[in-house]
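First the structure, in the form of structure tokens, and then the observations on it.
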Amino acid sequence: MIEYISEFLLIFFIAPFLVGLIKSFKMFMLYKKPISPMQPYRDFSKLLKKELIYSKESSSISRWAVFGVLVPIITVIFILPPITSSSFYISFMDAFTITGLLSLSTFFLMLLGLDSASSFGGLGSSREAFIAALVEPAMILTIFSVSLIGQNIGIAKASINLANNFPLQHAASYILASISFFILLIAENGRLPVDNPETHLELTMVHEAMILDITGANLALIEMAGAIKFTIFATLFATLFIPFGSHMVWYLAFAIFILKLIAISIVVALIEINGAKLRLFKVPNLLGIAIVFAFLSLVTFYIVGA
Amino acid sequence: MFSFNSFSILFVILILLGVIPNLFYTAGYLPHIKRKKYFIVNYIGFIASMLGVVLANETMVFLFFWEVMSLTSWQLILTENNKESLDAGRFYFFMTHFGFVFVLLFFLLLSSNSLFSNFEHIKIAIEGFKYPTLLFFLIAFGFLSKAGVAPLHVWLPYAHPAAPSPVSALMSGVMLKVAIYAFLRFLFMFDSWELEWGIIILALGALSSLIGVLYALAEHDIKALLANHSVENIGIILIGIGVGMIFTTLKMPLLAAFAFIAAIYHTFNHMSFKSLLFMTAGSVLHQTHTKNIEKYGGLIKLMPITAYLFLIAAISISALPPTNGFLSEWMIFQSMLSTSGISEISLKISFPFAIFALALTGGLAIACFVKAFGITFLGLYRSQNAKHAKEVNIAMLAGELLMGVVVISLMLFLPFIIKIINSSMPIANIYNKIFPNMWVMHSVSNNGGEVSPLILLFALLGVTLFVLLFFNAINPKVRVYHTWACGYQTGAKSQYTATGFAGPIRRFFKWLYKPNVHTHTQNLAGHETKFSSSFYEVHIKPLFEASLYDGTKKIVNLISYYVYKLSHFEEFNYAAFILNLIILILFSFRIFYHEISWGSVLLEVVVMTIIIKILIFRDKK
């Protein structure tokens, strides 16, 4: 139980660090003077103290949809796979619940974009709806594939199965699924080939456009939700597709887990500095790759046979 | 005459759940209707006939109530008596009788001596019938065309919105379910199913769900949007039924039972949230006097209760947790994941495609309901109609609230509802497998998942409470100010429109939509980028309407043209016609003596064509 709670706290509190790390690593690679990876914590504490401005045009949705964005994401942390194999985990929520909760959060974020009557908000919501609609099938197919390889649709049990006895004959479909999942990790979190988190140019922004009218503490909550969402995806990738280290003593397991998260963040940063943002209508091509890889993964699984 | 078996009672419960809130709503809506007596008679007749169909246990009784149901709903569509409803009524009348022909044929084939035979006899006749596939196709055409399954769905987005809003709610929410009931009732009378039937139903379901949601996204008429979503949800129900049929033929009764329960549970859910959506959309329509979604905006400030009820139903229909829509879609997904027992690899590989279709449908449904809710209720009013809207009267609100209660209780009392559904269907009893305890719902397959709606709900509420406490502890200073619009004034015109919102998706699915775009821009003094006014309009004609229906229409028109000519001949033409017939008989007489050579046949065809062309259809106009 202690491990379960500390996993929750770890994921909750490491989230801003990972986002800061990506940013700082990118700046380092581009020969800029890097910011500290701890910068997001400072930003959050600053935002929490700031004045909160609600738009005159907005409705009661703006007052509470922020919680609708953050709460499902925090709830997902409770049902993530365990870091150590001896730890307590929640078995009665499966992968579909996780995707559902993430969609619920996106749903409220899109409403938030439409609420302030600005054209930016609508623009962001419209693009996000487009991307989210195409991410959904890729996500579900990948999960389906992982659940077949890990012999359980419950994400926690699947990760334990994978760590205990890895099915070597399904390595091909496993790798295909992991590529598909990594593309989803990038697309769902609005990282570079899909969305640029650092720009405020109306041609390119998706996520930033929706939250343009959010200020102060509300902005802190939304940014926190984004950071946790990234950490959730990184955790899923670390536990499902890099399944080792969970058998060790708890402090080693935690250390390996943190290293895995950092490694994933650095890979994301490397992809970001080596590519430009795709045009919105090229994004389906990238997501199409994810969908095709998920299909291939399933077909390979069936052909190799259980 | 009537039978109160458990399956019928299940659907009686469904109808009553849909009808009782609707009665309140109708009571509030009634002052809005001009022809009151006409409406009330048809409305009551409609409800009674639906109950009659569900309870009927004799062929004639069933057919009678089925036809009364069609006719009263047809009359209800015509209540408002304008051009739109006349067209919709005509289309509906034709399509519903197109289906009726197949239903009638089904019964005529089976009831050999009298149409008053009991359904027990029908069951025996089905089991003894030599060509069960024919019977299956007859009920599939007959009942599923009424349920609005693609490609026989095109009438639905015209017919349902044309009726007054309470009737739209009944038609989409309840009448479609009666068609599903009839399909299942007769399906369960077969003693065995072919594997192909299940695959056909699964494919039809996947097709309907995608087609429904894609055309819903392109729609600007709020009621037509909801009607297109009915096509989608009927598709989801059919996916469940199809999976159930496939597993039944593969001798996996537990999985089959799970899939059937999922389908019926989704039937209940769709009844609840679609009725609620039509009621709330009807309230909006009632206040703003327009169905065009582009004319709404900012209505949440003027009619908050309606808006929040619409939001609940929208979350539920988008299959977002922890609502009932999520739970039934979860069950259908779970039933499709259990492919490990299937030995045939092609069938195994086809399941991911159905999953893909269902998942894409879910993603697009979210986009569609963000559009519907966001454009209707959020932002600033886009027209004077929306500016002066008020909350509707208390009876209509009561109807909406009751339906909201139905939506929420379908989620809260999940185990109880699953138990009722399971015990009232002729399938394996798996209630104890799904719910070993009350809290957690299990899938029956060996690597299946679990979900616990109540714990999820409490977790969400608990975390919300926690975040709220944190938020109150910070206690930020609040100021209210205009939205920043890059130095310009924030106005209704600077907002995104529904057309714009669906733009990326419309562009991505251009090959399907084939949109017909009109733009008109008044440029300023030769500048290419500066303009005083600009106009953008996009029309989308459904693919199936453009190909299947219009094609059929053309052929029928062609045939009727010649029939018309035939009946308006002069005497000379009739004489030539008789001559032609005689020649035809003379020519074809030789066939009986097997004296056919291609040369002579060709010669005879040429002779006959010349006679037809010259003597009968001389002038081509």
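Chains: A, B, ... in order of the structure tokens. Residues: from 1 per chain. Ligands: from 1, in order shown.
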Using only C-alpha atoms, find each residue in segment 38-142 of chain A having at least one atom no more than 8 Å away from segment 309-332 of chain B; report its shortest atom-to-atom pair and that distance in Å (one decimal), rows by chain then rising number, as CSV.
```
residue,atom,partner,partner_atom,distance
A:Phe96,CA,B:Trp330,CA,7.0
A:Thr97,CA,B:Pro321,CA,7.0
A:Gly100,CA,B:Leu320,CA,5.4
A:Leu101,CA,B:Pro321,CA,6.2
A:Ser103,CA,B:Leu320,CA,6.9
A:Leu104,CA,B:Leu320,CA,5.7
```
So that I have them on file, write out the residues from the current selection with C-alpha atoms, as a compact mmCIF listing (two decimals), in the first residue's frame.
```
# COMPACT_ATOMS: atom_id res chain seq x y z
CA PHE A 96 -10.75 1.15 -21.80
CA THR A 97 -11.46 3.07 -18.63
CA GLY A 100 -12.28 6.86 -21.62
CA LEU A 101 -11.05 9.06 -18.79
CA SER A 103 -11.17 11.37 -23.62
CA LEU A 104 -13.38 12.84 -20.90
```
Worksheet item: Counting only C-alpha atoms, what is within 10 Å of segment 41-58 of chain B, bar same-chain residues fewer than 4 positions away, as a count of residues only?
Response: 55
Counting only C-alpha atoms, which residues of chain A sit at most 7 Å from some atom of chain B, and what is each one's closest atom pair with its distance in Å to one decimal, listed by chain and rising residue number, as CSV?
```
residue,atom,partner,partner_atom,distance
A:Lys49,CA,B:Pro476,CA,6.9
A:Glu51,CA,B:Lys477,CA,5.0
A:Leu52,CA,B:Val478,CA,4.7
A:Ile53,CA,B:Arg479,CA,4.7
A:Tyr54,CA,B:Val480,CA,4.8
A:Ser55,CA,B:Thr483,CA,5.0
A:Lys56,CA,B:His482,CA,4.9
A:Glu57,CA,B:Gly379,CA,6.4
A:Ser58,CA,B:Gly379,CA,6.2
A:Ser59,CA,B:Lys301,CA,6.4
A:Phe67,CA,B:Thr464,CA,6.7
A:Val71,CA,B:Thr464,CA,5.9
A:Pro72,CA,B:Leu460,CA,6.6
A:Thr75,CA,B:Leu460,CA,6.5
A:Phe92,CA,B:Glu450,CA,4.9
A:Met93,CA,B:Val451,CA,4.7
A:Asp94,CA,B:Gly449,CA,5.4
A:Thr97,CA,B:Pro321,CA,7.0
A:Gly100,CA,B:Leu320,CA,5.4
A:Leu101,CA,B:Pro321,CA,6.2
A:Ser103,CA,B:Leu320,CA,6.9
A:Leu104,CA,B:Leu320,CA,5.7
A:Phe107,CA,B:Val370,CA,6.9
A:Met110,CA,B:Val370,CA,6.9
A:Leu111,CA,B:Gly374,CA,6.0
A:Leu114,CA,B:Gly374,CA,5.8
A:Asp115,CA,B:Gly379,CA,4.9
A:Ser116,CA,B:Gly379,CA,5.7
A:Ala117,CA,B:Gly379,CA,4.3
A:Ser118,CA,B:Gln495,CA,5.4
A:Ser119,CA,B:Gln495,CA,4.7
A:Gly122,CA,B:Tyr496,CA,5.1
A:Leu123,CA,B:Tyr496,CA,6.9
A:Ser126,CA,B:Phe501,CA,4.8
A:Arg127,CA,B:Pro504,CA,6.9
A:Ala129,CA,B:Ala367,CA,4.9
A:Phe130,CA,B:Ile505,CA,5.8
A:Ala132,CA,B:Gly363,CA,6.4
A:Ala133,CA,B:Gly363,CA,3.8
A:Leu134,CA,B:Leu360,CA,6.6
A:Glu136,CA,B:Gly363,CA,5.5
A:Pro137,CA,B:Ala359,CA,4.6
A:Ile140,CA,B:Ala359,CA,6.7
A:Leu141,CA,B:Phe356,CA,6.8
A:Gln151,CA,B:Asn447,CA,5.7
A:Asn152,CA,B:Asn447,CA,4.6
A:Ile153,CA,B:Gly449,CA,5.1
A:Gly154,CA,B:Gly449,CA,5.4
A:Asp213,CA,B:Thr483,CA,6.8
A:Ala217,CA,B:Pro476,CA,6.9
A:Val299,CA,B:Ile349,CA,6.4
```
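In terms of minimum interatomic distance to Arg191 of chain A, A:Ile271 ranks closest within A:Ile271, A:Ile74, A:Met29, A:Leu80, counting only C-alpha atoms.
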Item to complete: Determine, counting only C-alpha atoms, which protein, DNA and RNA residues have an atom within 9 Å of an atom of Ile77 of chain B; residues of the same chain fewer than 2 positions away are not included. Present the result as JSON, numbers by chain.
Response: {"B": [72, 73, 74, 75, 79, 80, 81, 85, 86, 88, 89, 92, 159, 160, 161, 162, 163, 164, 167, 168]}
Discussion item. If we count only C-alpha atoms and set the cut-off at 9 Å, which residues sit around Thr288 of chain B, ignoring sequence neighbours fewer than 2 positions away in its own chain? Please answer as a VMD selection string.
Written reply: chain B and resid 283 to 286 290 to 291 295 to 296 384 to 390
Mind dumping the selected residues with N, CA and C atoms as a PDB file, in the first residue's frame?
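The file below, result.pdb, is the result:
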```
ATOM      1  N   SER B 283     -36.541  21.877 -26.872  1.00  0.00           N
ATOM      2  CA  SER B 283     -36.734  23.077 -26.063  1.00  0.00           C
ATOM      3  C   SER B 283     -36.010  24.260 -26.686  1.00  0.00           C
ATOM      4  N   VAL B 284     -34.793  24.003 -27.148  1.00  0.00           N
ATOM      5  CA  VAL B 284     -34.029  25.070 -27.801  1.00  0.00           C
ATOM      6  C   VAL B 284     -34.771  25.555 -29.038  1.00  0.00           C
ATOM      7  N   LEU B 285     -35.259  24.591 -29.816  1.00  0.00           N
ATOM      8  CA  LEU B 285     -36.010  24.908 -31.021  1.00  0.00           C
ATOM      9  C   LEU B 285     -37.270  25.699 -30.691  1.00  0.00           C
ATOM     10  N   HIS B 286     -37.944  25.282 -29.623  1.00  0.00           N
ATOM     11  CA  HIS B 286     -39.165  25.917 -29.158  1.00  0.00           C
ATOM     12  C   HIS B 286     -38.920  27.391 -28.826  1.00  0.00           C
ATOM     13  N   THR B 290     -35.745  28.097 -34.634  1.00  0.00           N
ATOM     14  CA  THR B 290     -34.942  27.679 -35.787  1.00  0.00           C
ATOM     15  C   THR B 290     -34.213  26.398 -35.439  1.00  0.00           C
ATOM     16  N   LYS B 291     -34.029  25.558 -36.482  1.00  0.00           N
ATOM     17  CA  LYS B 291     -33.302  24.314 -36.253  1.00  0.00           C
ATOM     18  C   LYS B 291     -31.842  24.482 -36.608  1.00  0.00           C
ATOM     19  N   LYS B 295     -27.401  29.389 -35.842  1.00  0.00           N
ATOM     20  CA  LYS B 295     -28.126  30.547 -35.326  1.00  0.00           C
ATOM     21  C   LYS B 295     -28.190  30.539 -33.802  1.00  0.00           C
ATOM     22  N   TYR B 296     -27.651  29.510 -33.166  1.00  0.00           N
ATOM     23  CA  TYR B 296     -27.710  29.437 -31.708  1.00  0.00           C
ATOM     24  C   TYR B 296     -26.502  30.136 -31.101  1.00  0.00           C
ATOM     25  N   GLN B 384     -30.594  36.955 -33.441  1.00  0.00           N
ATOM     26  CA  GLN B 384     -31.563  37.555 -32.520  1.00  0.00           C
ATOM     27  C   GLN B 384     -32.455  36.485 -31.891  1.00  0.00           C
ATOM     28  N   ASN B 385     -32.699  35.412 -32.639  1.00  0.00           N
ATOM     29  CA  ASN B 385     -33.528  34.327 -32.099  1.00  0.00           C
ATOM     30  C   ASN B 385     -32.937  33.787 -30.807  1.00  0.00           C
ATOM     31  N   ALA B 386     -31.620  33.619 -30.812  1.00  0.00           N
ATOM     32  CA  ALA B 386     -30.972  33.024 -29.649  1.00  0.00           C
ATOM     33  C   ALA B 386     -30.874  34.033 -28.516  1.00  0.00           C
ATOM     34  N   LYS B 387     -30.897  35.322 -28.852  1.00  0.00           N
ATOM     35  CA  LYS B 387     -30.721  36.340 -27.818  1.00  0.00           C
ATOM     36  C   LYS B 387     -31.917  36.365 -26.883  1.00  0.00           C
ATOM     37  N   HIS B 388     -33.092  36.097 -27.422  1.00  0.00           N
ATOM     38  CA  HIS B 388     -34.302  36.264 -26.614  1.00  0.00           C
ATOM     39  C   HIS B 388     -34.865  34.959 -26.095  1.00  0.00           C
ATOM     40  N   ALA B 389     -34.061  33.921 -26.093  1.00  0.00           N
ATOM     41  CA  ALA B 389     -34.553  32.632 -25.589  1.00  0.00           C
ATOM     42  C   ALA B 389     -34.721  32.696 -24.081  1.00  0.00           C
ATOM     43  N   LYS B 390     -35.672  31.920 -23.588  1.00  0.00           N
ATOM     44  CA  LYS B 390     -35.876  31.802 -22.142  1.00  0.00           C
ATOM     45  C   LYS B 390     -35.952  30.317 -21.792  1.00  0.00           C
TER      46      LYS B 390
END
```
